[in-house]
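Worksheet for the structure shown next.
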Amino acid sequence: MSYRLPEGHQGRREAFALITITIITEIFLSIPQKLAVDGKSAAWIIILIAGALSFVGLYFILALSRRFPGKTIVEAGEEAVGPFLGTIAALAYFIFFMASLILFLRQFSETIITAFLPQTPISVITAGFLVVIIYSTYIGLEAISRTAGLLIGFIIGSLALITVLLIPFMVASYNLFPFWGSGPDIVARLGATRTSLFGEILIVGLIAPLLSGKELGRVGITSLAAAIGIMTFVEVIYLIIFPLPASAVFTFPLYSGARLVFIGRFVQRIDAIFVFVWIITALIKLAATMYASAAVLARALKLPVFRPLVFPLGILVFAISFTIPSFPDAVTIDSRYLRTYGWIPAFLFPALVYLVAVLRKKGGRGSDLAQSNS
Amino acid sequence: MTWRKVTASLLVLLLLALTVTTTGCWDRREPEDLAFVITLGLDTAPNKQVLLTVQIALPKRLAGGAGPGGGGGGGGGVGPSPVSSGTTFVLSVVAPSIPTALNLINTNVGRMVNLDHNRLIVIGEDMARKNFSRFLAVVVFPEIRRTTFLITTRGRAADFIEANTPFIEANPAKYIEELTTANFFSGLIPLSQLHQFLSAAESYGQEAITILADVTKAGLKPKGQTDFKKQIEEAMKKAPTIALETIPFIAGEIPRAGGNRVEFVGAAVYKGARLVGFLNGSETRAAAALRGEFRRGFILVPNPLRKGFFVIIELSQARPVSVKVRINKGIPEINVRVTMEGNIDAIQGGGNFSVNPAKRQLERAVEKRLTQIANAVVTKAQSQFQADIFGFGDRGARRLFRTWDEWTRYKWLSQFPQARVKVQTSFRVRRIGLQFAPPKPVTGR
Amino acid sequence: MGFWSFLRRLLTVDDSIIDETFSLGYRPLGERPDDDQWSPRHPDDEIPAAQAGLSGTSDAGDDGGKGSLFKKPTPLLGAKKEQAEQMSPEKALQQQVSTSLDVNLALIKTALRVPQNKDIIIREFVIGNPGVRAFTVYLEGISERNTVNFAILEPLMLLSYIEGPLPEEKNVFDLVKDKLLPGNQVKEHDKIQPLVQATLVGDTALFIDGQNKGLVIESKGWDRRSPDKPITEQVLRGSQEGFVETLRTNTTLIRRRLRTPALVTEIVQVGALSKVDAAIIYIDGIANPKLIDEVKRRIDSINTDFLPESSMLEDFIDDFPGSVFPGGMPTERPDRAAAFLAEGHVVILVDNSPFALILPATFFAMMHAAEDYYVKPLLGTFLRLIRAVSLFLALLAPAFYIAIANYHQEMIPTDLMLSIAASRETVPFPIILEVLLMEFSFELIREAGIRIPGPIGPTIGIVGALILGQAAVQASIVSPILVIVVALTALSSFAIPNLNLTFSIRVLRFGFILAASVLGLYGIALALFVLIIHLTSLKSFGVPYMSPVAPHRPSGDVITRIPLYQARRRPQFLRPLDDIRQGKINRPWDPSTDKDKKGGKDK
């Protein structure tokens with residue numbers, strides 16, 4: 001049974017941009033700092049390890065999509081493990097996306113308050129976000145991914161620019177030593193448990209029907225690789241610029257980095273421009289995640305359309321994001337729960353569903369995944 | 001439907017009216033409602049409080065460019081006075097903490113105090129020696145940036161700020177920036193922004209230094225109270241005590257007359273966040289060279305061909321300084337290689353240094369001199385301050401350790417005073433200026 | 001368009017909005033004609049039956065006689081004539097041509113409201129010797145006098161003698177039509193309505209006594225503007241011809257540039273009262289047939305009375321009437337229209353309108369000017385870059401000024417900040433009010449400038465803008481920085497080539513100002529995102545509005561101006577039937593411009 005949720009046409013670059021942006025935007029939150037606390041100067045190695053391990057998760061998501069061409073992981077799950085368990089899995093995906101959305105929204109709103117508008121009440125900022133996100137999701141995935149494809153050049157460019165501008169502060173390359181930071185064993189353990197950093201790759205499973213199988217594989221792999229590369233790079237830069245006790249305490253790591261730009265008399269205090277670009281990046285990610293939540297929920301509840309769900313979900317997100325008492329609480333919940341256990345809905349469930357599908361011999365042509373490399 | 005249209009349009013109109021006429025959409029601040037603080041000064045006050053001094057900029061009175069009031073510029077309204085240079089005014093207040101102090105300042109300044117354009121934080125000697133680390137917590141305050149310059153004054157910061165009347169610049173912010181960055185290129189002051197200071201202070205492998213400044217007795221006083229002649233006499237009196245090849249001054253001691261009443265020379269050395277001593281001009285330069293921050297500077301060496309005369313060389317760093325550290329039975333052994341190059345700027349007493357062996361002689365003389373200075377400052381750092389202000393730990397020793405715990409357990413900063421440091425300098429002459437030999441006036445009998 | 005209906009739609013389950021209304025069809029990119037065997041189309045090549053358009057008034061179907069079972073008795077002649085005189089004009093139009101000349105005369109006079117209507121000229125004369133009575137009807141001014149006199153009346157009146165005595169009645173009509181009328185286009189009709197319609201467009205209608213058919217002879221000719229410089233799109237190097245108000249001249253201008261039999265001009269009539277000719281022009285074999293059919297379908301659906309200008313046509317067939325962005329690209333230049341035709345677009349020309357409408361519309365095509373192609377590639381790229389920057393400035397400059405001066409003062413260098421603060425001390429208004437005031441005055445000046453008569457016109461521009469601004473600054477009503485910002489914005493908006501787009505930007509600018517005044521840079525970011533989402537969701541005739549950037553197809557033609565010898569393929573977003581436009585190697589004597597031997601740069 002295929003649901004008619006036609007979301008138009010996806011191009012390769014748009015999908016790539018969408019997925020990459022959805023994953024890397026969290027680097028603008030406290031991730032660099034949290035990693036620096038645990039991993040010290042080897043925080044970037046943690047990202048690499050986590051990224052490498054998340055490829056396993058991606059493999060299962062792609063395999064599942066391959067096995068059930070034309071269906072998203074939700075429907076594939078229902079076909080593979082039956083309606084009841086399939087719905088459970090779908091709800092797990094839904095909760096994952098919602099959690100990502102709510103926590104990110106709250107943290108980013110706080111960032112805007114600290115960086116831009118200290119006295120504005122946070123509800124205004126969050127409401128502003130939500131209005132735009134609801135509108136964007138309502139217009140549809142096509143528009144969101146096209147916007148992502150349009151803007152990804154600017155976003156990568158702004159990261160490159162900030163790197164270049166901070167070169168005067170990068171003489172302290174010794175900040176990357178001691179190489180193993182808190183020790184290779186700790187680093188490895190942290191790397192293994194932080195695969196949830198890349199959990200948003202799950203969205204690949206959702207756009208599966210819109211791209212052909214081979215394309216889907218290429219898009220998934222390239223975007224995950226790009227995301228890993230960019231996040232590692234950013235972490236490295238962050239560690240070089242800010243020596244250790246400092247890098248472990250910034251509430252807004254990248255923003256503090258942007259504040260440091262100082263070249264001559266003119267190019268200083270321009271952090272507002274970077275935050276401007278980051279806001280747009282965050283909007284793309286939020287819209288994509290909101291779409292993912294709505295689409296997953298719609299399919300899980302067997303609704304033919306997802307748009308009516310967007311507005312209520314928006315209100316829900318708004319309300320829940322304010323049940324978190326304070327910003328440090330949000331950061332803690334994000335890193336302790338979402339980023340530690342997020343791999344369960346994002347990777348484990350698709351993996352289990354896939355294995356069950358193989359065992360029960362559901363779906364077709366399950367075994368030419370080797371061709372997804374390119 | 002019309003009723004709804006009416007409500008909707010009324011709502012929109014209301015919103016528009018609000019945004020246009022209200023004086024604040026929470027964060028909206030009109031530029032003329034702000035008081036821009038250019039300099040911030042911290043001093044100790046009794047009972048663990050802080051004396052906060054602010055220098056607030058007065059906006060230039062530009063009445064529409066081509067209008068009649070255009071030329072009046074900085075002088076309009078407020079003339080030079082003991083605590084105002086015409087473009088800024090100074091204000092001090094005693095309070096338990098910095099944010100409290102800022103609030104108190106707002107009790108008499110009619111505009112919102114705003115630190116967005118703050119350029120400089122001045123730390124009084126007293127505070128630097130005692131409880132500075134308590135007020136380091138102010139960096140958490142979002143309006144303070146890590147790119148703010150940091151200087152330490154001998155004496156009170158409040159006096160310093162008040163005496164700081166730049167004459168060449170109407171814009172005090174620009175003055176500070178020019179001074180702290182341009183002067184950096186002569187080597188007589190280190191590069192010291194809050195970022196560098198905090199990075200060094202919090203690091204296990206180096207200690208921090210800041211720019212040193214002071215008020216002098218020389219300098220132009222406002223309202224024509226300067227006794228220029230007397231200042232020159234004072235300067236002359238200091239002359240015989242100066243060692244010829246060095247700049248042994250710390251701030252406040254340069255023999256001069258006129259100019260600004262403050263000067264920025266030398267460095268203040270910190271252990272952690274506590275001031276422990278000063279470096280004079282040439283020591284700062286040497287330390288800068290060893291830190292790898294040296295850009296350009298002049299050095300005098302005795303002329304090897306003519307006794308009693310000097311050759312003036314303009315030095316610059318040719319290659320990055322290489323620091324190699326080995327840990328031998330727990331004691332560090334540090335090998336530093338400094339590669340310099342330079343132009344001959346002036347040859348007192350004559351002599352052609354464009355060919356060997358004279359050139360080589362000169363180069364060796366310079367190398368000897370440089371090594372001497374470097375060793376002197378290293379010894380001073382090790383014995384007098386017991387602080388690794390050169391960053392040898394971070395730059396050389398850190399990579400020898402595998403994990404962070406090992407590094408912190410080694411406690412480099414305590415090991416440094418016992419370390420064996422060997423400095424090697426190499427110098428090459430590159431250019432010799434516009435003439436091969438200096439002018440040689442000839443007279444008749 | 002209805003805020004509450006929009007909200008209602010947010011919550012309904014009926015999702016008909018996502019119906020893919022129209023799409024050009026997805027052609028997998030794999031199918032391509034074999035590169036090696038491609039060659040430019042030879043003019044003599046056969047093409048599938050193309051309709052070479054003939055200007056003819058199509059038989060707008062009228063009711064005709066209702067076939068009733070009972071035939072009314074044919075009234076006597078005189079009674080019929082009286083009947084004709086007393087009919088209503090509408091009824092007169094429905095009648096068949098009668099064999100009696102007098103009845104026809106009466107019918108024509110009733111239908112055309114003669115003698116009140118003094119434009120209509122009716123000339124009665126005699127053909128042949130002894131002669132048959134006849135009369136012609138034409139409209140003075142629209143018909144060409146010489147044609148009527150010498151190509152219609154003269155042969156009928158004079159040359160009919162040469163033929164000898166007239167044959168019997170049956171053959172008179174054929175004789176006249178085949179042998180006596182040297183007019184190059186003749187058509188016969190047996191109903192009054194098309195004959196009347198023909199006179200209204202400038203042709204001459206001929207009625208012969210005893211014949212129940214009428215003849216229409218082409219005799220159009222009216223005072224027309226000859227092709228002159230296009231007013232809105234001027235270039236330095238390039239043709240200076242622009243479209244004029246006459247459809248025929250316009251189609252000629254295009255035909256001269258595309259001398260291929262594949263160029264098809266279909267003509268339909270739009271508007272019940274106006275009945276103007278609208279020409280749908282495309283190149284058969286390149287333009288996607290689905291596109292052509294959709295355009296025709298939409299135009300046929302137009303059910304209005306009056307259509308003076310192609311922009312109104314655009315209104316009717318627009319994909320997104322609710323958006324500020326234009327759904328069709330107007331152009332005054334035939335060379336641009338021809339270039340778009342060669343890529344696979346469809347061009348619509350409306351009689352009386354000097355603006356051709358190019359469909360489908362894409363955002364980036366609207367930012368391109370003809371000049372980009374007439375100068376060297378690098379210079380063209382430079383021009384486009386300037387235009388891109390001006391687009392941003394026109395949209396965002398005042399908003400950024402407000403955001404930075406009100407919310408992010410730290411971004412301004414201290415010198416400038418102090419100047420701004422100083423200059424604003426004497427200004428009583430908040431920045432937002434200042435900006436709105438200045439923007440409003442600028443819009444006022446612009447509007448007024450359009451209507452000011454000739455000699456004072458340019459002066460007002462200078463007077464208004466500069467002196468007003470200067471005086472305002474000196475009176476301390478606005479600050480000088482703001483005058484610069486507003487002037488820069490206005491200049492930038494003039495750099496945008498497309499008129500509609502300029503208007504859109506002008507309107508959107510105020511939205512951004514509002515967003516910036518409430519939430520600073522955050523507001524601008526939100527508004528900008530909404531704008532981009534809106535733009536990327538638009539589809540004009542099935543083509544995404546932001547092609548070729550949004551669904552990304554590598555194309556050197558967005559900001560950079562690709563050298564023509566590298567533009568091998570036509571734009572993919574139009575799904576043309578034949579997408580290769582050039583051979584592989586266009587400069588065989590120059591190895592450096594041969595990117596790779598395999599097939600040139602893929603467009």
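Each chain in the structure tokens gets a letter, A, B, ..., in the order shown, and its residues are numbered from 1; ligands are numbered from 1 in order too.
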Who sits within 9 Å of Ala268 (chain B), only C-alpha atoms, same chain under 4 positions skipped, as a PyMOL selection string: chain B and resi 151-153+208-213+275-280
Keeping only N, CA, C and O atoms, write the selected residues as a short mmCIF file (atom, residue, chain, number, x, y, z; two decimals), in the first residue's frame.
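Saved as again-v8.cif:
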```cif
data_model
loop_
_atom_site.label_atom_id
_atom_site.label_comp_id
_atom_site.auth_asym_id
_atom_site.auth_seq_id
_atom_site.Cartn_x
_atom_site.Cartn_y
_atom_site.Cartn_z
N ILE B 151 45.87 46.03 29.73
CA ILE B 151 47.16 46.56 30.15
C ILE B 151 47.19 46.66 31.68
O ILE B 151 46.16 46.76 32.34
N THR B 152 48.38 46.58 32.18
CA THR B 152 48.58 46.74 33.61
C THR B 152 49.27 48.07 33.82
O THR B 152 50.20 48.43 33.09
N THR B 153 48.82 48.81 34.79
CA THR B 153 49.51 50.06 35.07
C THR B 153 50.23 49.97 36.40
O THR B 153 49.81 49.25 37.30
N ALA B 208 51.18 34.28 31.79
CA ALA B 208 50.71 35.41 30.99
C ALA B 208 51.55 36.64 31.21
O ALA B 208 52.12 36.85 32.28
N ILE B 209 51.61 37.46 30.18
CA ILE B 209 52.17 38.80 30.34
C ILE B 209 51.22 39.79 29.69
O ILE B 209 50.48 39.44 28.79
N THR B 210 51.23 40.99 30.22
CA THR B 210 50.41 42.01 29.59
C THR B 210 51.27 43.24 29.32
O THR B 210 52.40 43.34 29.76
N ILE B 211 50.65 44.15 28.61
CA ILE B 211 51.33 45.42 28.35
C ILE B 211 51.44 46.19 29.65
O ILE B 211 50.54 46.15 30.50
N LEU B 212 52.53 46.89 29.77
CA LEU B 212 52.71 47.69 30.97
C LEU B 212 52.59 49.16 30.59
O LEU B 212 53.09 49.58 29.55
N ALA B 213 51.93 49.91 31.40
CA ALA B 213 51.78 51.33 31.10
C ALA B 213 51.86 52.12 32.39
O ALA B 213 51.73 51.58 33.48
N LEU B 275 50.15 39.47 39.61
CA LEU B 275 51.30 40.19 39.08
C LEU B 275 52.51 39.90 39.93
O LEU B 275 52.47 39.97 41.15
N VAL B 276 53.61 39.55 39.28
CA VAL B 276 54.82 39.29 40.06
C VAL B 276 55.98 40.18 39.69
O VAL B 276 56.98 40.22 40.39
N GLY B 277 55.90 40.87 38.58
CA GLY B 277 57.05 41.71 38.27
C GLY B 277 56.91 42.35 36.91
O GLY B 277 55.91 42.20 36.21
N PHE B 278 57.93 43.10 36.55
CA PHE B 278 57.91 43.82 35.28
C PHE B 278 59.10 43.44 34.43
O PHE B 278 60.15 43.06 34.92
N LEU B 279 58.95 43.63 33.14
CA LEU B 279 60.07 43.52 32.22
C LEU B 279 60.25 44.86 31.56
O LEU B 279 59.28 45.51 31.20
N ASN B 280 61.51 45.27 31.36
CA ASN B 280 61.67 46.54 30.69
C ASN B 280 61.63 46.34 29.19
O ASN B 280 61.42 45.24 28.68
#
```
Can you pull out every residue from region 88-216 of chain A that DSSP, working from the backbone, puts in helix (DSSP H, G or I), and format the result as JSON, numbers by chain? {"A": [88, 89, 90, 91, 92, 93, 94, 95, 96, 97, 98, 99, 100, 101, 102, 103, 104, 105, 106, 107, 108, 109, 110, 111, 112, 113, 114, 115, 122, 123, 124, 125, 126, 127, 128, 129, 130, 131, 132, 133, 134, 135, 136, 137, 138, 139, 141, 142, 143, 144, 145, 146, 147, 148, 149, 150, 151, 152, 153, 154, 155, 156, 157, 158, 159, 160, 161, 162, 163, 164, 165, 167, 168, 169, 170, 171, 173, 174, 175, 176, 184, 185, 186, 187, 188, 189, 190, 191, 192, 193, 195, 196, 197, 198, 199, 200, 201, 202, 203, 204, 205, 206, 208, 209, 210, 213, 214, 215, 216]}
At a cut-off of 8 Å, using only C-alpha atoms, what residues contact Arg424 (chain C)? Leave out same-chain residues fewer than 6 positions from it and give the result as an mmCIF file with N, CA, C and O atoms, in the first residue's frame.
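The resulting part.cif:
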```cif
data_model
loop_
_atom_site.group_PDB
_atom_site.id
_atom_site.type_symbol
_atom_site.label_atom_id
_atom_site.label_comp_id
_atom_site.auth_asym_id
_atom_site.auth_seq_id
_atom_site.Cartn_x
_atom_site.Cartn_y
_atom_site.Cartn_z
ATOM 1 N N PRO B 31 20.866 54.714 18.641
ATOM 2 C CA PRO B 31 22.294 54.955 18.884
ATOM 3 C C PRO B 31 22.538 56.132 19.812
ATOM 4 O O PRO B 31 23.529 56.146 20.552
ATOM 5 N N GLU B 32 21.626 57.107 19.786
ATOM 6 C CA GLU B 32 21.906 58.262 20.634
ATOM 7 C C GLU B 32 21.482 58.032 22.067
ATOM 8 O O GLU B 32 21.632 58.896 22.908
ATOM 9 N N VAL C 478 16.388 64.055 9.119
ATOM 10 C CA VAL C 478 16.953 62.729 8.935
ATOM 11 C C VAL C 478 18.462 62.858 9.106
ATOM 12 O O VAL C 478 19.004 63.945 9.085
ATOM 13 N N SER C 479 19.092 61.729 9.291
ATOM 14 C CA SER C 479 20.543 61.762 9.424
ATOM 15 C C SER C 479 21.182 61.492 8.074
ATOM 16 O O SER C 479 20.612 60.804 7.238
#
```
Residues of chain B were defined as contacting chain A if any atom lay at most 7 Å from it, counting only C-alpha atoms; please report them as a list in words. Trp26, Asp27, Arg145, Arg146, Thr147, Ser199, Glu202, Asp394, Arg395, Arg398, Arg399, Phe401, Arg402, Thr403, Trp404 and Asp405 of chain B
Please produce a file of those selected residues containing N, CA, C and O atoms, as a short mmCIF file (atom, residue, chain, number, x, y, z; two decimals), in the first residue's frame.
```cif
data_model
loop_
_atom_site.label_atom_id
_atom_site.label_comp_id
_atom_site.auth_asym_id
_atom_site.auth_seq_id
_atom_site.Cartn_x
_atom_site.Cartn_y
_atom_site.Cartn_z
N TRP B 26 11.72 45.78 22.97
CA TRP B 26 12.61 45.06 23.88
C TRP B 26 14.07 45.44 23.70
O TRP B 26 14.69 45.99 24.58
N ASP B 27 14.62 45.14 22.57
CA ASP B 27 16.06 45.31 22.45
C ASP B 27 16.47 46.47 21.59
O ASP B 27 17.64 46.70 21.38
N ARG B 145 34.32 41.36 25.41
CA ARG B 145 34.86 40.49 24.37
C ARG B 145 36.27 40.06 24.71
O ARG B 145 37.02 40.79 25.36
N ARG B 146 36.65 38.91 24.19
CA ARG B 146 37.98 38.44 24.44
C ARG B 146 39.03 39.17 23.63
O ARG B 146 40.20 38.95 23.80
N THR B 147 38.55 40.02 22.70
CA THR B 147 39.55 40.74 21.92
C THR B 147 39.90 42.08 22.54
O THR B 147 40.62 42.87 21.97
N SER B 199 44.17 32.65 27.85
CA SER B 199 44.72 31.39 27.37
C SER B 199 45.99 31.05 28.11
O SER B 199 46.19 29.92 28.55
N GLU B 202 45.32 30.35 31.97
CA GLU B 202 44.68 29.08 32.29
C GLU B 202 45.48 27.88 31.84
O GLU B 202 45.10 26.75 32.07
N ASP B 394 54.01 24.88 26.55
CA ASP B 394 52.97 24.60 25.57
C ASP B 394 53.58 24.26 24.22
O ASP B 394 53.18 23.32 23.56
N ARG B 395 54.57 25.02 23.83
CA ARG B 395 55.05 24.85 22.46
C ARG B 395 55.97 23.67 22.31
O ARG B 395 56.06 23.08 21.26
N ARG B 398 54.51 19.95 25.44
CA ARG B 398 53.17 19.35 25.46
C ARG B 398 53.06 18.14 24.57
O ARG B 398 52.35 17.20 24.88
N ARG B 399 53.75 18.19 23.44
CA ARG B 399 53.56 17.09 22.52
C ARG B 399 54.25 15.81 22.98
O ARG B 399 54.12 14.77 22.39
N PHE B 401 53.59 14.33 25.69
CA PHE B 401 52.71 13.56 26.55
C PHE B 401 51.55 12.98 25.76
O PHE B 401 51.08 13.56 24.80
N ARG B 402 51.13 11.84 26.23
CA ARG B 402 50.07 11.18 25.48
C ARG B 402 48.68 11.63 25.89
O ARG B 402 47.80 11.77 25.06
N THR B 403 48.49 11.78 27.16
CA THR B 403 47.15 12.16 27.58
C THR B 403 47.19 13.41 28.43
O THR B 403 48.22 13.83 28.92
N TRP B 404 46.05 13.99 28.57
CA TRP B 404 45.90 15.23 29.29
C TRP B 404 46.30 15.06 30.76
O TRP B 404 46.95 15.92 31.35
N ASP B 405 45.93 13.93 31.33
CA ASP B 405 46.27 13.74 32.73
C ASP B 405 47.76 13.71 32.94
O ASP B 405 48.30 14.29 33.89
#
```
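The residue that comes closest to chain C, out of B:Phe149, B:Phe385, B:Phe132, B:Tyr175 and on the basis of only C-alpha atoms, is B:Tyr175.
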Mind dumping a table of every chain C residue within 7 Å of chain B, with the nearest atom pair and its distance in Å to one decimal, using only C-alpha atoms, sorted by chain and rising number, as a tab-separated table?
```
residue	atom	partner	partner_atom	distance
C:Ala405	CA	B:Pro31	CA	6.4
C:Asn406	CA	B:Arg29	CA	5.1
C:Tyr407	CA	B:Arg28	CA	5.4
C:Glu410	CA	B:Asp116	CA	5.0
C:Thr414	CA	B:His117	CA	6.5
C:Asp415	CA	B:Asn171	CA	6.8
C:Leu418	CA	B:Pro59	CA	4.7
C:Ser419	CA	B:Lys60	CA	6.0
C:Ala421	CA	B:Glu32	CA	4.6
C:Ala422	CA	B:Pro59	CA	4.8
C:Ser423	CA	B:Leu62	CA	5.6
C:Arg424	CA	B:Glu32	CA	6.2
C:Glu425	CA	B:Glu32	CA	5.9
C:Pro430	CA	B:Glu30	CA	6.8
C:Ile432	CA	B:Val20	CA	6.0
C:Leu433	CA	B:Val20	CA	5.8
C:Val473	CA	B:Gly64	CA	6.0
C:Gln474	CA	B:Gly64	CA	5.5
C:Pro480	CA	B:Gly64	CA	6.7
C:Ser517	CA	B:Thr19	CA	6.8
C:Val518	CA	B:Cys25	CA	6.0
```
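Taking CA of Thr7 (chain B) and CA of Phe510 (chain C) as endpoints, the distance between them is 21.6 Å.
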Which of C:Asn288, C:Gln197, C:Ser160, C:Thr252 sits closest to Ile127 (chain C) [using only C-alpha atoms]: C:Ser160
Can you work out the spacing between CA of Leu150 (chain B) and CA of Thr39 (chain B) in Å, to one decimal? 10.1 Å
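Within the 9 Å cut-off around region 353-363 of chain B, using only C-alpha atoms and omitting residues fewer than 3 positions from it on the same chain, the listed residues are Val301, Pro302, Asn303, Pro304, Leu305, Val311, Ile344, Ile347, Val366, Glu367, Lys368, Ser426, Phe427, Arg428, Val429, Arg431, Ile432, Phe436 and Ala437 of chain B.
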Dump as number ranges by chain the residues of chain A that approach chain C to within 6 Å, counting only C-alpha atoms. A: 11, 143, 146, 150, 269-270, 308
Would you mind exporting all heavy atoms of the selected residues as an mmCIF file, in the first residue's frame?
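And here is the file that came out, part-v4.cif:
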```cif
data_model
loop_
_atom_site.group_PDB
_atom_site.id
_atom_site.type_symbol
_atom_site.label_atom_id
_atom_site.label_comp_id
_atom_site.auth_asym_id
_atom_site.auth_seq_id
_atom_site.Cartn_x
_atom_site.Cartn_y
_atom_site.Cartn_z
ATOM 1 N N GLY A 11 16.146 16.676 -6.227
ATOM 2 C CA GLY A 11 17.383 16.553 -6.972
ATOM 3 C C GLY A 11 18.462 16.021 -6.065
ATOM 4 O O GLY A 11 18.339 16.025 -4.845
ATOM 5 N N ALA A 143 10.297 22.578 -1.395
ATOM 6 C CA ALA A 143 10.788 23.938 -1.209
ATOM 7 C C ALA A 143 11.929 23.958 -0.201
ATOM 8 O O ALA A 143 12.935 24.640 -0.393
ATOM 9 C CB ALA A 143 9.661 24.848 -0.742
ATOM 10 N N ARG A 146 15.034 22.598 -1.786
ATOM 11 C CA ARG A 146 15.585 23.500 -2.788
ATOM 12 C C ARG A 146 16.264 24.673 -2.123
ATOM 13 O O ARG A 146 17.310 25.141 -2.579
ATOM 14 C CB ARG A 146 14.467 24.023 -3.694
ATOM 15 C CG ARG A 146 14.044 23.006 -4.671
ATOM 16 C CD ARG A 146 13.406 23.624 -5.868
ATOM 17 N NE ARG A 146 12.772 22.566 -6.619
ATOM 18 C CZ ARG A 146 11.533 22.609 -7.046
ATOM 19 N NH1 ARG A 146 10.801 23.665 -6.800
ATOM 20 N NH2 ARG A 146 11.043 21.608 -7.710
ATOM 21 N N LEU A 150 20.056 25.719 -2.505
ATOM 22 C CA LEU A 150 20.428 27.077 -2.901
ATOM 23 C C LEU A 150 21.435 27.663 -1.945
ATOM 24 O O LEU A 150 22.390 28.321 -2.341
ATOM 25 C CB LEU A 150 19.157 27.929 -2.879
ATOM 26 C CG LEU A 150 19.187 29.284 -3.526
ATOM 27 C CD1 LEU A 150 19.347 29.124 -4.988
ATOM 28 C CD2 LEU A 150 17.909 30.005 -3.238
ATOM 29 N N ARG A 269 34.412 42.520 15.505
ATOM 30 C CA ARG A 269 33.071 42.483 16.072
ATOM 31 C C ARG A 269 32.019 42.178 15.017
ATOM 32 O O ARG A 269 30.927 42.716 15.068
ATOM 33 C CB ARG A 269 32.714 43.806 16.752
ATOM 34 C CG ARG A 269 33.678 44.173 17.868
ATOM 35 C CD ARG A 269 33.138 45.348 18.618
ATOM 36 N NE ARG A 269 33.024 46.510 17.767
ATOM 37 C CZ ARG A 269 33.913 47.462 17.680
ATOM 38 N NH1 ARG A 269 35.018 47.360 18.388
ATOM 39 N NH2 ARG A 269 33.728 48.482 16.901
ATOM 40 N N ILE A 270 32.355 41.347 14.067
ATOM 41 C CA ILE A 270 31.383 41.059 13.016
ATOM 42 C C ILE A 270 30.653 39.754 13.270
ATOM 43 O O ILE A 270 30.126 39.136 12.354
ATOM 44 C CB ILE A 270 32.060 40.998 11.635
ATOM 45 C CG1 ILE A 270 33.154 39.958 11.645
ATOM 46 C CG2 ILE A 270 32.612 42.333 11.259
ATOM 47 C CD1 ILE A 270 33.700 39.734 10.270
ATOM 48 N N PRO A 308 -2.062 18.801 7.726
ATOM 49 C CA PRO A 308 -2.841 19.233 8.885
ATOM 50 C C PRO A 308 -2.140 18.978 10.203
ATOM 51 O O PRO A 308 -2.489 19.598 11.208
ATOM 52 C CB PRO A 308 -4.122 18.389 8.797
ATOM 53 C CG PRO A 308 -4.174 17.920 7.403
ATOM 54 C CD PRO A 308 -2.771 17.793 6.947
#
```
Any idea what's packed within 8 Å of Ser158 (chain A), counting only C-alpha atoms, ignoring anything in its chain fewer than 3 positions away? Could you give it as a ChimeraX atom specification? /A:154-155,161-162,274,277
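Closest approach to Tyr138 (chain A) among A:Met290, A:Leu216, A:Leu91, A:Leu197: A:Met290, based on only C-alpha atoms.
For Asn328 (chain B), the set of protein, DNA and RNA residues having any atom at most 12 Å away, when counting only C-alpha atoms and skipping those fewer than 3 positions along the same chain, is Val325, Ile331, Pro332, Glu333, Ile334, Ala397, Gln415, Gln418, Ala419 and Arg420 of chain B.
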